[in-house]
Amino acid sequence: MERATVREVTIAPRVTMPRLGFGTFKLNDAAATAVLAAAIDAGYRLFDTGDRYGNEPEVGRAVRGSGIPLEEFVVATKCYGPAGYDAVRRAFDASAQRLGVDRVDLYMLHWPREDPDETRGAWRAMEELLAENRVRAIGVANHGIADLERLLRHATVPPAVNQIEVHPWCAREEQRVAHDRLGIVTQAWGPLGRGRGLLASAGVLSAIGAKHGRTAAQIALRWQVQLGLVPIPKSADPRRMAENLDVFDFELDAGDLAEIARLDTGQLVGPVRAPW
């Protein structure tokens, strides 16, 4: 059961990240503070936000005011827009101020840059922030294989993480294999299909769940954890928060994995490229 119980992954020297985190996309209403507090109470220690999510202040207040040592958390945020060196530096300063921290655990470029000069400048800024100890690890989000290869041509420090859409409808095997080859951890956003019917329509997940005494959501998340991913589900329901975390004491067998693999149609529920 070793694979079932491993709860952390190393993403950089002396930096570990929980194997399952809490996503905060669109969590920017009056309930955000209560939802984040409930997530911390449920046991979440990895929180993912971004400078366009509108909730960095709430995330920062939640972890700082939890009474739990800050070093027990991994807080990740992202730089959204098309940006070169100066823009990334400015964006980081603004995010750190909103979070109320001197150092960010994981800082990511939210989307790939199409302009080669922007790519070089943006990543140089990321590497400088790492060298200055203002971030503990640097990564990217929504970068395809070609985007990563373009970035790595001039990178001194490769991305520790690439956050991409992954769920049973879209397993992204080729991308995950490339990440493994490059030593990049795959973080999965939308791991439950963003409420677009994945759990309701995929009876196979419920059937496997009945076999293990688990919910369809727990099967989807266990599948990702077992593949070596770091899913970041979101829920406002404390009961579901706890259920989503409770995937480390059982293991899917080869037959379960084969059944889930048949769900993969390549169907994405989010944007493929940057929406600017």
# chains A, B, ... in the order shown; residues from 1 in each chain; ligands from 1

$ residues_around --residues "range 61-72 of chain A" --least-positions-apart "6" --cutoff "8 Å" --atoms "only C-alpha atoms" --output "ChimeraX atom specification"
/A:33,36-37,40,45,99-100

$ write_last_selection --atoms "N, CA and C atoms" --output "compact mmCIF listing (two decimals), in the first residue's frame"
# COMPACT_ATOMS: atom_id res chain seq x y z
N THR A 33 -14.07 33.48 2.68
CA THR A 33 -13.37 33.35 3.96
C THR A 33 -13.82 32.11 4.71
N LEU A 36 -12.55 28.87 2.88
CA LEU A 36 -11.12 28.63 3.09
C LEU A 36 -10.85 28.14 4.51
N ALA A 37 -11.54 28.71 5.49
CA ALA A 37 -11.37 28.25 6.87
C ALA A 37 -11.81 26.80 7.01
N ILE A 40 -9.15 24.50 5.55
CA ILE A 40 -8.01 24.33 6.47
C ILE A 40 -8.40 23.37 7.59
N ARG A 45 -3.56 21.72 3.05
CA ARG A 45 -2.39 22.55 3.31
C ARG A 45 -1.78 23.10 2.02
N LEU A 99 -1.16 38.64 -0.77
CA LEU A 99 -1.12 37.46 0.08
C LEU A 99 -0.63 37.78 1.48
N GLY A 100 0.11 38.88 1.62
CA GLY A 100 0.64 39.27 2.92
C GLY A 100 1.82 38.43 3.34

$ residues_around --residues "range 3-20 of chain A" --least-positions-apart "5" --cutoff "9 Å" --atoms "only C-alpha atoms" --output "number ranges by chain"
A: 44-46, 73-74, 105, 136-138, 160-161, 184-185, 187, 221-222, 225-226, 228-233, 244-245, 247-252

$ residues_around --residues "Pro116 in chain A" --least-positions-apart "6" --cutoff "12 Å" --atoms "only C-alpha atoms" --output "list in words"
Pro82, Ala83, Gly84, Ala122, Trp123, Asp147, Glu149, Arg150, Leu151, Leu152, Arg153 and His154 of chain A

$ write_last_selection --atoms "C-alpha atoms" --output "mmCIF file, in the first residue's frame"
data_model
loop_
_atom_site.group_PDB
_atom_site.id
_atom_site.type_symbol
_atom_site.label_atom_id
_atom_site.label_comp_id
_atom_site.auth_asym_id
_atom_site.auth_seq_id
_atom_site.Cartn_x
_atom_site.Cartn_y
_atom_site.Cartn_z
ATOM 1 C CA PRO A 82 1.210 38.230 -21.484
ATOM 2 C CA ALA A 83 4.293 39.596 -19.812
ATOM 3 C CA GLY A 84 8.021 39.939 -20.109
ATOM 4 C CA ALA A 122 9.411 36.164 -18.119
ATOM 5 C CA TRP A 123 11.395 33.085 -17.163
ATOM 6 C CA ASP A 147 5.682 25.440 -24.962
ATOM 7 C CA GLU A 149 10.465 22.748 -25.013
ATOM 8 C CA ARG A 150 10.633 26.389 -26.119
ATOM 9 C CA LEU A 151 11.024 27.562 -22.527
ATOM 10 C CA LEU A 152 13.654 24.948 -21.706
ATOM 11 C CA ARG A 153 15.910 26.065 -24.568
ATOM 12 C CA HIS A 154 17.009 29.040 -22.484
#

$ residues_around --residues "Asn55 in chain A" --least-positions-apart "3" --cutoff "7 Å" --atoms "only C-alpha atoms" --output "PDB file with N, CA and C atoms, in the first residue's frame"
ATOM      1  N   LEU A  27     -13.524  31.385  -6.504  1.00  0.00           N
ATOM      2  CA  LEU A  27     -13.883  31.509  -5.087  1.00  0.00           C
ATOM      3  C   LEU A  27     -13.578  32.944  -4.653  1.00  0.00           C
ATOM      4  N   ASN A  28     -14.445  33.855  -5.040  1.00  0.00           N
ATOM      5  CA  ASN A  28     -14.182  35.263  -4.762  1.00  0.00           C
ATOM      6  C   ASN A  28     -15.448  36.009  -4.349  1.00  0.00           C
ATOM      7  N   GLU A  58      -7.849  36.931   0.510  1.00  0.00           N
ATOM      8  CA  GLU A  58      -8.575  35.979   1.355  1.00  0.00           C
ATOM      9  C   GLU A  58      -7.736  34.725   1.631  1.00  0.00           C
ATOM     10  N   VAL A  59      -7.042  34.235   0.607  1.00  0.00           N
ATOM     11  CA  VAL A  59      -6.187  33.064   0.817  1.00  0.00           C
ATOM     12  C   VAL A  59      -5.086  33.389   1.820  1.00  0.00           C
TER      13      VAL A  59
END

$ residues_around --residues "range 173-176 of chain A" --least-positions-apart "2" --cutoff "10 Å" --atoms "only C-alpha atoms" --output "MDAnalysis selection string"
chainID A and resid 143:145 162 164 166 170:171 178:182 184:187 227:229 264 266

$ decode --residues "range 205-268 of chain A" --atoms "C-alpha atoms" --output "compact mmCIF listing (two decimals), in the first residue's frame"
# COMPACT_ATOMS: atom_id res chain seq x y z
CA LEU A 205 -16.61 5.69 -11.49
CA SER A 206 -19.63 4.99 -9.31
CA ALA A 207 -19.28 1.25 -9.92
CA ILE A 208 -15.62 1.27 -8.93
CA GLY A 209 -16.56 3.43 -5.96
CA ALA A 210 -19.13 0.87 -4.80
CA LYS A 211 -16.44 -1.81 -4.99
CA HIS A 212 -14.13 0.19 -2.72
CA GLY A 213 -16.79 1.84 -0.56
CA ARG A 214 -15.97 5.27 -2.03
CA THR A 215 -17.66 8.04 -4.00
CA ALA A 216 -17.17 8.61 -7.72
CA ALA A 217 -15.21 11.78 -6.88
CA GLN A 218 -12.89 9.85 -4.59
CA ILE A 219 -12.23 7.33 -7.36
CA ALA A 220 -11.40 10.11 -9.84
CA LEU A 221 -9.02 11.74 -7.36
CA ARG A 222 -7.46 8.44 -6.29
CA TRP A 223 -6.83 7.65 -9.98
CA GLN A 224 -4.92 10.92 -10.35
CA VAL A 225 -2.93 10.50 -7.15
CA GLN A 226 -2.02 6.96 -8.17
CA LEU A 227 -0.78 8.23 -11.55
CA GLY A 228 1.54 10.62 -9.70
CA LEU A 229 -0.49 13.79 -10.25
CA VAL A 230 -1.38 16.49 -7.73
CA PRO A 231 -5.11 17.21 -8.14
CA ILE A 232 -6.53 20.45 -6.75
CA PRO A 233 -10.31 19.99 -6.40
CA LYS A 234 -12.58 22.71 -5.04
CA SER A 235 -15.72 22.37 -2.96
CA ALA A 236 -17.69 24.66 -0.67
CA ASP A 237 -19.21 21.70 1.18
CA PRO A 238 -17.16 20.68 4.26
CA ARG A 239 -18.33 17.08 3.93
CA ARG A 240 -17.10 16.87 0.34
CA MET A 241 -13.88 18.66 1.26
CA ALA A 242 -13.14 15.89 3.74
CA GLU A 243 -14.16 13.16 1.28
CA ASN A 244 -11.88 14.58 -1.41
CA LEU A 245 -8.90 14.38 0.94
CA ASP A 246 -9.72 10.84 2.02
CA VAL A 247 -8.08 8.96 -0.87
CA PHE A 248 -4.84 7.74 0.67
CA ASP A 249 -5.88 4.51 2.37
CA PHE A 250 -6.96 2.42 -0.62
CA GLU A 251 -5.56 1.59 -4.04
CA LEU A 252 -7.13 1.03 -7.43
CA ASP A 253 -6.24 -2.26 -9.08
CA ALA A 254 -5.26 -2.88 -12.69
CA GLY A 255 -8.86 -3.60 -13.67
CA ASP A 256 -10.06 -0.34 -12.14
CA LEU A 257 -7.38 1.61 -14.00
CA ALA A 258 -8.28 -0.06 -17.29
CA GLU A 259 -11.96 0.84 -16.82
CA ILE A 260 -11.14 4.47 -16.07
CA ALA A 261 -8.81 4.63 -19.08
CA ARG A 262 -11.79 3.86 -21.33
CA LEU A 263 -13.39 7.15 -20.27
CA ASP A 264 -10.62 9.17 -21.91
CA THR A 265 -12.04 10.93 -24.99
CA GLY A 266 -9.74 13.95 -24.84
CA GLN A 267 -12.70 16.16 -23.86
CA LEU A 268 -11.53 19.40 -22.24
